[in-house]
>>> print(open('start-v2.csv').read())   # CSV, C-alpha atoms
chain,number,residue,atom,x,y,z
A,48,MET,CA,5.8,72.1,71.0
A,49,LYS,CA,9.5,71.4,71.4
A,50,THR,CA,10.3,68.4,73.6
A,51,TYR,CA,13.5,68.1,75.6
A,52,ALA,CA,13.0,64.5,76.6
A,53,LYS,CA,15.4,63.1,73.9
A,54,GLU,CA,18.0,66.0,74.1
A,55,ASN,CA,21.4,65.2,75.4
A,56,HIS,CA,22.9,68.6,76.3
A,57,LEU,CA,26.3,67.4,77.4
A,58,GLY,CA,27.0,64.5,75.0
A,59,ILE,CA,30.2,62.5,75.5
A,60,LYS,CA,31.7,65.4,77.5
A,61,GLY,CA,28.9,64.8,80.1
A,62,TRP,CA,30.3,61.4,80.8
A,63,VAL,CA,33.5,63.0,82.2
A,64,TRP,CA,32.4,66.3,83.7
A,65,GLY,CA,29.0,67.9,84.4
A,66,GLY,CA,29.5,69.6,87.7
A,67,ASN,CA,30.9,69.2,91.1
A,68,TYR,CA,30.7,65.5,91.3
A,69,LYS,CA,31.2,63.2,94.3
A,70,LEU,CA,33.4,60.2,94.5
A,71,GLU,CA,30.7,57.8,93.3
A,72,ARG,CA,30.3,59.7,90.1
A,73,TYR,CA,33.9,59.2,89.2
A,74,LEU,CA,33.6,55.6,90.1
A,75,TYR,CA,30.8,55.5,87.6
A,76,LEU,CA,33.1,57.0,85.0
A,77,LEU,CA,35.9,54.5,85.9
A,78,HIS,CA,33.3,51.7,85.7
A,79,ARG,CA,32.5,52.8,82.1
A,80,LEU,CA,36.2,53.1,81.1
A,81,THR,CA,37.0,49.7,82.5
A,82,ALA,CA,34.0,48.2,80.7
A,83,LEU,CA,35.3,49.5,77.3
A,84,TYR,CA,38.8,48.4,78.0
A,85,LEU,CA,37.6,44.9,79.0
A,86,LEU,CA,35.4,44.7,75.9
A,87,LEU,CA,38.4,45.4,73.7
A,88,PHE,CA,40.5,42.9,75.6
A,89,VAL,CA,37.8,40.2,75.4
A,90,ILE,CA,37.7,40.7,71.6
A,91,TYR,CA,41.5,40.3,71.3
A,92,HIS,CA,41.4,37.3,73.8
A,93,LEU,CA,38.6,35.6,71.9
A,94,ILE,CA,40.6,35.9,68.6
A,95,VAL,CA,43.7,34.4,70.2
A,96,THR,CA,41.9,31.6,72.0
A,97,THR,CA,39.8,30.6,69.1
A,98,PHE,CA,41.7,31.0,65.8
A,99,PHE,CA,45.1,30.3,67.1
A,100,ARG,CA,44.2,27.7,69.7
A,101,ILE,CA,42.6,25.2,67.4
A,102,GLN,CA,45.2,25.1,64.7
A,103,SER,CA,48.5,23.7,66.0
A,104,GLN,CA,50.8,23.5,69.0
A,105,SER,CA,53.6,25.4,67.1
A,106,LEU,CA,51.2,28.3,66.4
A,107,TRP,CA,49.9,28.3,70.0
A,108,ASP,CA,53.5,28.3,71.3
A,109,ALA,CA,54.4,31.2,68.9
A,110,VAL,CA,51.5,33.2,70.2
A,111,LEU,CA,52.4,32.6,73.8
A,112,ALA,CA,56.0,33.6,73.0
A,113,ALA,CA,54.8,36.8,71.3
A,114,GLN,CA,52.8,37.7,74.4
A,115,ALA,CA,55.6,37.1,76.8
A,116,VAL,CA,57.0,40.6,76.4
A,117,PRO,CA,56.8,43.2,79.2
A,118,GLY,CA,54.5,45.5,77.2
A,119,PHE,CA,51.9,42.8,76.9
A,120,LYS,CA,52.3,41.9,80.6
A,121,VAL,CA,51.3,45.5,81.4
A,122,VAL,CA,48.2,45.3,79.1
A,123,GLU,CA,47.3,41.9,80.7
A,124,TYR,CA,47.7,43.2,84.2
A,125,LEU,CA,45.6,46.3,83.4
A,126,ALA,CA,42.9,44.0,82.1
A,127,ILE,CA,43.0,42.1,85.5
A,128,LEU,CA,42.9,45.4,87.4
A,129,ALA,CA,40.0,46.6,85.2
A,130,PHE,CA,38.1,43.3,85.9
A,131,ILE,CA,38.7,43.4,89.7
A,132,PHE,CA,37.4,47.0,89.8
A,133,HIS,CA,34.5,46.5,87.4
A,134,ALA,CA,33.4,43.3,89.3
A,135,LEU,CA,33.5,44.7,92.8
A,136,ASN,CA,32.2,48.2,91.9
A,137,GLY,CA,29.4,46.4,89.9
A,138,ILE,CA,28.5,44.4,93.0
A,139,ARG,CA,28.3,47.7,94.9
A,140,LEU,CA,26.0,49.2,92.2
A,141,ILE,CA,23.8,46.1,92.3
A,142,LEU,CA,23.5,46.3,96.1
A,143,GLN,CA,22.7,50.0,95.9
A,144,GLY,CA,20.5,49.7,92.9
A,145,LEU,CA,18.3,47.1,94.5
A,146,GLY,CA,18.1,49.1,97.7
A,147,ILE,CA,19.8,46.4,99.7
A,148,THR,CA,22.4,48.6,101.4
A,149,LEU,CA,20.2,51.7,101.8
A,150,GLY,CA,18.9,50.8,105.3
A,151,LYS,CA,15.6,51.8,106.8
A,152,PRO,CA,14.2,55.3,106.0
A,153,THR,CA,14.9,57.9,108.6
A,154,ARG,CA,13.3,61.2,109.5
A,155,PRO,CA,14.9,64.2,107.8
A,156,ILE,CA,16.6,65.7,110.8
A,157,PHE,CA,19.6,68.0,110.4
A,158,PRO,CA,22.4,67.1,109.6
A,159,PHE,CA,20.8,65.2,106.7
A,160,GLU,CA,22.2,61.9,105.6
A,161,ASP,CA,21.7,61.3,101.9
A,162,SER,CA,21.7,57.8,100.3
A,163,ILE,CA,25.2,58.3,98.9
A,164,ARG,CA,26.8,59.2,102.3
A,165,LYS,CA,24.9,56.2,103.8
A,166,ASN,CA,26.8,54.0,101.4
A,167,ARG,CA,30.2,55.6,101.7
A,168,GLY,CA,31.4,52.8,104.0
A,169,LEU,CA,30.6,50.3,101.4
A,170,THR,CA,32.4,52.4,98.7
A,171,TYR,CA,35.6,52.5,100.8
A,172,THR,CA,35.4,48.8,101.6
A,173,ILE,CA,35.1,48.0,97.9
A,174,LEU,CA,38.0,50.3,97.0
A,175,ALA,CA,40.2,48.7,99.8
A,176,LEU,CA,39.3,45.2,98.4
A,177,VAL,CA,40.2,46.2,94.9
A,178,GLY,CA,43.6,47.5,96.2
A,179,ILE,CA,44.3,44.2,98.2
A,180,ILE,CA,43.4,41.9,95.3
A,181,ALA,CA,45.3,44.1,92.8
A,182,ILE,CA,48.4,43.7,95.0
A,183,ILE,CA,48.0,39.9,95.2
A,184,PHE,CA,47.8,39.7,91.3
A,185,LEU,CA,50.8,42.1,91.0
A,186,ALA,CA,52.8,39.9,93.3
A,187,ASP,CA,52.0,36.9,91.1
A,188,PHE,CA,53.0,38.8,87.9
A,189,ILE,CA,56.3,39.8,89.5
A,190,LEU,CA,57.0,36.3,90.8
A,191,GLY,CA,56.0,34.7,87.5
A,192,GLY,CA,58.2,37.0,85.5
B,137,MET,CA,10.4,44.2,79.5
B,138,HIS,CA,13.3,46.7,79.8
B,139,SER,CA,13.7,46.0,83.5
B,140,ARG,CA,13.9,42.3,82.9
B,141,TRP,CA,16.9,42.8,80.6
B,142,GLU,CA,18.4,45.1,83.2
B,143,LEU,CA,17.9,42.4,85.8
B,144,LEU,CA,19.6,39.9,83.4
B,145,HIS,CA,22.4,42.3,83.0
B,146,MET,CA,22.9,42.4,86.8
B,147,LEU,CA,22.7,38.6,87.1
B,148,THR,CA,25.2,38.0,84.2
B,149,GLY,CA,27.5,40.5,86.0
B,150,ILE,CA,27.5,38.4,89.1
B,151,LEU,CA,28.0,35.2,87.1
B,152,ILE,CA,31.0,36.7,85.3
B,153,ALA,CA,32.5,37.8,88.6
B,154,GLY,CA,32.4,34.2,89.7
B,155,LEU,CA,33.3,32.4,86.4
B,156,LEU,CA,36.0,34.9,85.2
B,157,GLY,CA,37.3,35.1,88.8
B,158,ALA,CA,37.9,31.3,88.6
B,159,HIS,CA,39.5,31.7,85.2
B,160,MET,CA,41.8,34.4,86.4
B,161,VAL,CA,42.8,32.7,89.6
B,162,VAL,CA,43.7,29.5,87.7
B,163,LEU,CA,45.6,31.2,84.9
B,164,HIS,CA,47.1,34.3,86.6
B,165,LEU,CA,47.7,33.3,90.2
B,166,ASN,CA,49.7,30.2,89.3
B,167,SER,CA,52.9,31.3,91.1
B,168,ILE,CA,51.1,31.9,94.4
B,169,LEU,CA,48.9,28.7,93.9
B,170,GLY,CA,52.1,26.8,93.2
B,171,PHE,CA,53.6,28.0,96.4
B,172,PHE,CA,50.7,26.2,98.2
B,173,GLY,CA,51.1,23.1,96.1
B,174,ILE,CA,48.0,23.6,94.0
B,175,GLY,CA,47.3,24.4,90.4
B,176,SER,CA,49.5,24.0,87.3
B,177,PRO,CA,53.0,25.6,87.1
B,178,ASP,CA,52.3,26.6,83.4
B,179,PRO,CA,48.5,26.8,82.9
B,180,ALA,CA,48.8,28.4,79.4
B,181,SER,CA,51.1,25.7,77.9
B,182,TRP,CA,49.7,23.6,75.1
B,183,ASN,CA,49.6,20.3,77.1
B,184,THR,CA,47.9,21.9,80.1
B,185,MET,CA,45.4,23.7,77.9
B,186,ILE,CA,44.5,20.5,75.9
B,187,GLU,CA,44.2,18.6,79.2
B,188,ARG,CA,41.8,21.3,80.5
B,189,SER,CA,39.9,21.3,77.2
B,190,LYS,CA,39.0,17.6,77.8
B,191,GLN,CA,37.3,18.2,81.1
B,192,THR,CA,33.6,18.7,81.1
B,193,VAL,CA,33.7,21.2,83.9
B,194,TRP,CA,36.0,23.5,82.0
B,195,LEU,CA,33.9,23.1,78.8
B,196,GLY,CA,30.9,24.2,80.8
B,197,ILE,CA,32.7,27.1,82.3
B,198,TYR,CA,34.0,28.3,78.9
B,199,ILE,CA,30.7,28.0,77.1
B,200,SER,CA,28.7,29.7,80.0
B,201,LEU,CA,31.4,32.4,80.4
B,202,LEU,CA,31.2,33.1,76.6
B,203,ALA,CA,27.4,33.5,76.7
B,204,VAL,CA,27.3,35.7,79.8
B,205,VAL,CA,30.2,37.8,78.8
B,206,LEU,CA,28.8,38.4,75.3
B,207,PHE,CA,25.4,39.4,76.7
B,208,HIS,CA,26.8,41.5,79.5
B,209,GLY,CA,29.3,43.3,77.3
B,210,LEU,CA,27.1,44.0,74.3
B,211,TYR,CA,24.1,45.0,76.4
B,212,GLY,CA,26.3,47.3,78.4
B,213,LEU,CA,27.8,48.8,75.2
B,214,ARG,CA,24.2,49.3,73.8
B,215,GLY,CA,23.3,51.2,77.0
B,216,ILE,CA,26.4,53.5,76.6
B,217,ILE,CA,25.4,54.2,73.0
B,218,PHE,CA,21.7,54.8,74.0
B,219,GLU,CA,22.9,57.5,76.4
B,220,LEU,CA,23.8,59.6,73.4
B,221,ASN,CA,20.1,59.5,72.6
B,222,PRO,CA,19.9,58.1,69.0
B,223,SER,CA,16.5,58.1,67.3
B,224,THR,CA,14.0,55.3,68.2
B,225,THR,CA,14.6,53.7,64.7
B,226,ALA,CA,18.4,53.8,65.3
B,227,GLU,CA,17.9,52.2,68.7
B,228,ARG,CA,15.9,49.4,67.2
B,229,TRP,CA,18.6,48.8,64.5
B,230,ILE,CA,21.4,48.9,67.1
B,231,THR,CA,19.6,46.3,69.2
B,232,ARG,CA,19.2,44.0,66.2
B,233,ALA,CA,22.8,44.5,65.0
B,234,PHE,CA,24.1,43.7,68.5
B,235,THR,CA,21.9,40.6,68.8
B,236,VAL,CA,23.1,39.2,65.4
B,237,LEU,CA,26.7,40.1,66.4
B,238,GLY,CA,26.4,38.3,69.7
B,239,VAL,CA,24.9,35.2,68.2
B,240,LEU,CA,27.6,35.1,65.4
B,241,ILE,CA,30.5,35.6,67.9
B,242,PHE,CA,29.0,32.9,70.2
B,243,ALA,CA,28.7,30.4,67.4
B,244,GLY,CA,32.2,31.0,66.2
B,245,ALA,CA,33.9,31.0,69.6
B,246,ALA,CA,31.9,28.1,71.1
B,247,TYR,CA,32.9,25.9,68.2
B,248,VAL,CA,36.6,25.8,69.4
B,249,PRO,CA,36.1,24.4,73.0
B,250,LEU,CA,33.5,22.0,71.6
B,251,THR,CA,35.9,20.7,68.9
B,252,LEU,CA,38.8,20.4,71.4
B,253,PHE,CA,36.6,18.6,73.9
B,254,GLY,CA,35.6,16.1,71.2
B,255,ARG,CA,39.1,15.4,69.8
>>> encode(input="start-v2.csv", output="structure tokens")
Amino acid sequence: MKTYAKENHLGIKGWVWGGNYKLERYLYLLHRLTALYLLLFVIYHLIVTTFFRIQSQSLWDAVLAAQAVPGFKVVEYLAILAFIFHALNGIRLILQGLGITLGKPTRPIFPFEDSIRKNRGLTYTILALVGIIAIIFLADFILGG
Amino acid sequence: MHSRWELLHMLTGILIAGLLGAHMVVLHLNSILGFFGIGSPDPASWNTMIERSKQTVWLGIYISLLAVVLFHGLYGLRGIIFELNPSTTAERWITRAFTVLGVLIFAGAAYVPLTLFGR
């Protein structure tokens, strides 16, 4: 008998599009993309702060000078942006995953309120916080040159 | 057992938010912190970095951050790969490979703050 339990019908395409998704599904996709970006950045960051940091002041200064270009500042700011989003959205997922923000069960009386809509307020709050913190860090990047 | 690792993934996520948040505020909000008279004007410079490396609290933050980031990142990546439904044997080998990789990166990267702390 054929089993479908281990079949993945959509593969990688399924991560991006699998139907008429709601906002939270796209936040899930963004959560995944930011995770991969952060992982790549962490690998780079670890190489810089281990191999180069321990050797000499001149090498460390040369690395800092090489990173002080506008292109790298954009990469760095995107990493901070990715971290802010990933952290706050992760906290939202933990709160929802553990059922903390679901509230008490209610009777299914029309118009029905599903668990996603119950948490829409939290989603908007998280997105607003991401925006505010991102602006604060952007201000520091502009001030710092 | 699987749910215990999931729970650890959540807990490390919260820890990273706190520890990496502190790291980012100190290193990337220096202009705004400087306006209020706190923090270092150039936190990435050699002298400031060496001075920070000598402090036990920063050594603790770096080592803990390294451990939780490696676990959280590699466990998350393993989850992403598992969504593509590899065979059970492949899943086992991926888990083993990620465990070895994590331990090796941790050993290599923890050596630096420990050495600088002891200098």
>>> interface_residues(input="start-v2.csv", of="chain B", to="chain A", cutoff="8 Å", atoms="all atoms listed in the file", output="PyMOL selection string")
chain B and resi 146+149-150+153+160+164-168+180-182+209+213+219-221+245+248+252
>>> axis_aligned_box(input="start-v2.csv", around="stretch 205-210 of chain B", padding_each_side="5 Å", output="JSON")
{"center_x": 27.8, "center_y": 40.9, "center_z": 76.9, "size_x": 14.8, "size_y": 16.2, "size_z": 15.2}
>>> residues_near_point(input="start-v2.csv", point="(25.4, 43.3, 76.3)", cutoff="12 Å", atoms="all atoms listed in the file", output="ChimeraX atom specification")
/A:82-83,86 /B:141-142,144-146,148-149,202-217,230-239
>>> residues_near_point(input="start-v2.csv", point="(27.0, 60.8, 98.2)", cutoff="7 Å", atoms="all atoms listed in the file", output="compact mmCIF listing (two decimals) with C-alpha atoms, in the coordinates of the input")
# COMPACT_ATOMS: atom_id res chain seq x y z
CA LYS A 69 31.20 63.20 94.30
CA GLU A 71 30.70 57.80 93.30
CA ASP A 161 21.70 61.30 101.90
CA SER A 162 21.70 57.80 100.30
CA ILE A 163 25.20 58.30 98.90
CA ARG A 164 26.80 59.20 102.30
>>> atom_distance(input="start-v2.csv", atom1="atom CA of A:Val122", atom2="atom CA of B:Leu201")
21.2 Å
>>> atom_distance(input="start-v2.csv", atom1="atom CA of A:Leu176", atom2="atom CA of A:Phe132")
9.0 Å
>>> atom_distance(input="start-v2.csv", atom1="atom CA of A:Gln114", atom2="atom CA of B:Leu195")
24.3 Å
>>> closest_residue(input="start-v2.csv", among="B:Ser176, B:Ser139, B:Thr224, B:Ser189", to="B:Leu250", atoms="only C-alpha atoms")
B:Ser189
>>> closest_residue(input="start-v2.csv", among="B:Ile174, B:Leu169, B:Met185, B:Ile197", to="B:Ile152", atoms="all atoms listed in the file")
B:Ile197
>>> residues_around(input="start-v2.csv", residues="A:Tyr73", least_positions_apart="3", cutoff="12 Å", atoms="all atoms listed in the file", output="list in words")
Gly61, Trp62, Val63, Trp64, Gly65, Gly66, Asn67, Tyr68, Lys69, Leu70, Leu76, Leu77, His78, Arg79, Leu80, Asn136 and Thr170 of chain A
>>> write_last_selection(input="start-v2.csv", atoms="C-alpha atoms", output="PDB file, in the frame of the given file")
ATOM      1  CA  GLY A  61      28.900  64.800  80.100  1.00  0.00           C
ATOM      2  CA  TRP A  62      30.300  61.400  80.800  1.00  0.00           C
ATOM      3  CA  VAL A  63      33.500  63.000  82.200  1.00  0.00           C
ATOM      4  CA  TRP A  64      32.400  66.300  83.700  1.00  0.00           C
ATOM      5  CA  GLY A  65      29.000  67.900  84.400  1.00  0.00           C
ATOM      6  CA  GLY A  66      29.500  69.600  87.700  1.00  0.00           C
ATOM      7  CA  ASN A  67      30.900  69.200  91.100  1.00  0.00           C
ATOM      8  CA  TYR A  68      30.700  65.500  91.300  1.00  0.00           C
ATOM      9  CA  LYS A  69      31.200  63.200  94.300  1.00  0.00           C
ATOM     10  CA  LEU A  70      33.400  60.200  94.500  1.00  0.00           C
ATOM     11  CA  LEU A  76      33.100  57.000  85.000  1.00  0.00           C
ATOM     12  CA  LEU A  77      35.900  54.500  85.900  1.00  0.00           C
ATOM     13  CA  HIS A  78      33.300  51.700  85.700  1.00  0.00           C
ATOM     14  CA  ARG A  79      32.500  52.800  82.100  1.00  0.00           C
ATOM     15  CA  LEU A  80      36.200  53.100  81.100  1.00  0.00           C
ATOM     16  CA  ASN A 136      32.200  48.200  91.900  1.00  0.00           C
ATOM     17  CA  THR A 170      32.400  52.400  98.700  1.00  0.00           C
TER      18      THR A 170
END
>>> build_atoms(input="start-v2.csv", residues="stretch 106-132 of chain A", atoms="N, CA and C atoms", output="PDB file, in the frame of the given file")
ATOM      1  N   LEU A 106      51.818  26.998  66.473  1.00  0.00           N
ATOM      2  CA  LEU A 106      51.200  28.300  66.400  1.00  0.00           C
ATOM      3  C   LEU A 106      50.855  28.853  67.778  1.00  0.00           C
ATOM      4  N   TRP A 107      50.309  27.961  68.609  1.00  0.00           N
ATOM      5  CA  TRP A 107      49.900  28.300  70.000  1.00  0.00           C
ATOM      6  C   TRP A 107      51.189  28.775  70.760  1.00  0.00           C
ATOM      7  N   ASP A 108      52.284  27.999  70.620  1.00  0.00           N
ATOM      8  CA  ASP A 108      53.500  28.300  71.300  1.00  0.00           C
ATOM      9  C   ASP A 108      54.084  29.684  70.808  1.00  0.00           C
ATOM     10  N   ALA A 109      53.946  29.926  69.496  1.00  0.00           N
ATOM     11  CA  ALA A 109      54.400  31.200  68.900  1.00  0.00           C
ATOM     12  C   ALA A 109      53.635  32.370  69.472  1.00  0.00           C
ATOM     13  N   VAL A 110      52.318  32.179  69.630  1.00  0.00           N
ATOM     14  CA  VAL A 110      51.500  33.200  70.200  1.00  0.00           C
ATOM     15  C   VAL A 110      51.841  33.525  71.633  1.00  0.00           C
ATOM     16  N   LEU A 111      52.060  32.448  72.408  1.00  0.00           N
ATOM     17  CA  LEU A 111      52.400  32.600  73.800  1.00  0.00           C
ATOM     18  C   LEU A 111      53.786  33.349  73.927  1.00  0.00           C
ATOM     19  N   ALA A 112      54.721  32.994  73.020  1.00  0.00           N
ATOM     20  CA  ALA A 112      56.000  33.600  73.000  1.00  0.00           C
ATOM     21  C   ALA A 112      55.903  35.132  72.693  1.00  0.00           C
ATOM     22  N   ALA A 113      55.033  35.437  71.727  1.00  0.00           N
ATOM     23  CA  ALA A 113      54.800  36.800  71.300  1.00  0.00           C
ATOM     24  C   ALA A 113      54.204  37.652  72.455  1.00  0.00           C
ATOM     25  N   GLN A 114      53.431  36.971  73.308  1.00  0.00           N
ATOM     26  CA  GLN A 114      52.800  37.700  74.400  1.00  0.00           C
ATOM     27  C   GLN A 114      53.638  37.781  75.665  1.00  0.00           C
ATOM     28  N   ALA A 115      54.775  37.101  75.640  1.00  0.00           N
ATOM     29  CA  ALA A 115      55.600  37.100  76.800  1.00  0.00           C
ATOM     30  C   ALA A 115      56.573  38.299  76.891  1.00  0.00           C
ATOM     31  N   VAL A 116      56.131  39.412  76.385  1.00  0.00           N
ATOM     32  CA  VAL A 116      57.000  40.600  76.400  1.00  0.00           C
ATOM     33  C   VAL A 116      56.421  41.561  77.520  1.00  0.00           C
ATOM     34  N   PRO A 117      57.297  42.386  78.126  1.00  0.00           N
ATOM     35  CA  PRO A 117      56.800  43.200  79.200  1.00  0.00           C
ATOM     36  C   PRO A 117      55.652  44.133  78.881  1.00  0.00           C
ATOM     37  N   GLY A 118      55.633  44.661  77.650  1.00  0.00           N
ATOM     38  CA  GLY A 118      54.500  45.500  77.200  1.00  0.00           C
ATOM     39  C   GLY A 118      53.196  44.841  77.305  1.00  0.00           C
ATOM     40  N   PHE A 119      53.158  43.569  76.841  1.00  0.00           N
ATOM     41  CA  PHE A 119      51.900  42.800  76.900  1.00  0.00           C
ATOM     42  C   PHE A 119      51.510  42.463  78.297  1.00  0.00           C
ATOM     43  N   LYS A 120      52.544  42.217  79.137  1.00  0.00           N
ATOM     44  CA  LYS A 120      52.300  41.900  80.600  1.00  0.00           C
ATOM     45  C   LYS A 120      51.532  43.062  81.213  1.00  0.00           C
ATOM     46  N   VAL A 121      51.937  44.274  80.850  1.00  0.00           N
ATOM     47  CA  VAL A 121      51.300  45.500  81.400  1.00  0.00           C
ATOM     48  C   VAL A 121      49.824  45.529  80.940  1.00  0.00           C
ATOM     49  N   VAL A 122      49.614  45.269  79.650  1.00  0.00           N
ATOM     50  CA  VAL A 122      48.200  45.300  79.100  1.00  0.00           C
ATOM     51  C   VAL A 122      47.392  44.217  79.809  1.00  0.00           C
ATOM     52  N   GLU A 123      47.987  43.036  80.031  1.00  0.00           N
ATOM     53  CA  GLU A 123      47.300  41.900  80.700  1.00  0.00           C
ATOM     54  C   GLU A 123      46.970  42.284  82.152  1.00  0.00           C
ATOM     55  N   TYR A 124      47.951  42.882  82.839  1.00  0.00           N
ATOM     56  CA  TYR A 124      47.700  43.200  84.200  1.00  0.00           C
ATOM     57  C   TYR A 124      46.643  44.324  84.339  1.00  0.00           C
ATOM     58  N   LEU A 125      46.659  45.272  83.396  1.00  0.00           N
ATOM     59  CA  LEU A 125      45.600  46.300  83.400  1.00  0.00           C
ATOM     60  C   LEU A 125      44.237  45.715  83.186  1.00  0.00           C
ATOM     61  N   ALA A 126      44.167  44.654  82.364  1.00  0.00           N
ATOM     62  CA  ALA A 126      42.900  44.000  82.100  1.00  0.00           C
ATOM     63  C   ALA A 126      42.406  43.315  83.436  1.00  0.00           C
ATOM     64  N   ILE A 127      43.342  42.710  84.185  1.00  0.00           N
ATOM     65  CA  ILE A 127      43.000  42.100  85.500  1.00  0.00           C
ATOM     66  C   ILE A 127      42.523  43.147  86.446  1.00  0.00           C
ATOM     67  N   LEU A 128      43.270  44.251  86.484  1.00  0.00           N
ATOM     68  CA  LEU A 128      42.900  45.400  87.400  1.00  0.00           C
ATOM     69  C   LEU A 128      41.530  45.917  87.022  1.00  0.00           C
ATOM     70  N   ALA A 129      41.290  46.074  85.714  1.00  0.00           N
ATOM     71  CA  ALA A 129      40.000  46.600  85.200  1.00  0.00           C
ATOM     72  C   ALA A 129      38.880  45.615  85.651  1.00  0.00           C
ATOM     73  N   PHE A 130      39.160  44.306  85.532  1.00  0.00           N
ATOM     74  CA  PHE A 130      38.100  43.300  85.900  1.00  0.00           C
ATOM     75  C   PHE A 130      37.837  43.357  87.394  1.00  0.00           C
ATOM     76  N   ILE A 131      38.899  43.425  88.221  1.00  0.00           N
ATOM     77  CA  ILE A 131      38.700  43.400  89.700  1.00  0.00           C
ATOM     78  C   ILE A 131      37.839  44.660  90.050  1.00  0.00           C
ATOM     79  N   PHE A 132      38.208  45.827  89.517  1.00  0.00           N
ATOM     80  CA  PHE A 132      37.400  47.000  89.800  1.00  0.00           C
ATOM     81  C   PHE A 132      36.018  46.935  89.338  1.00  0.00           C
TER      82      PHE A 132
END
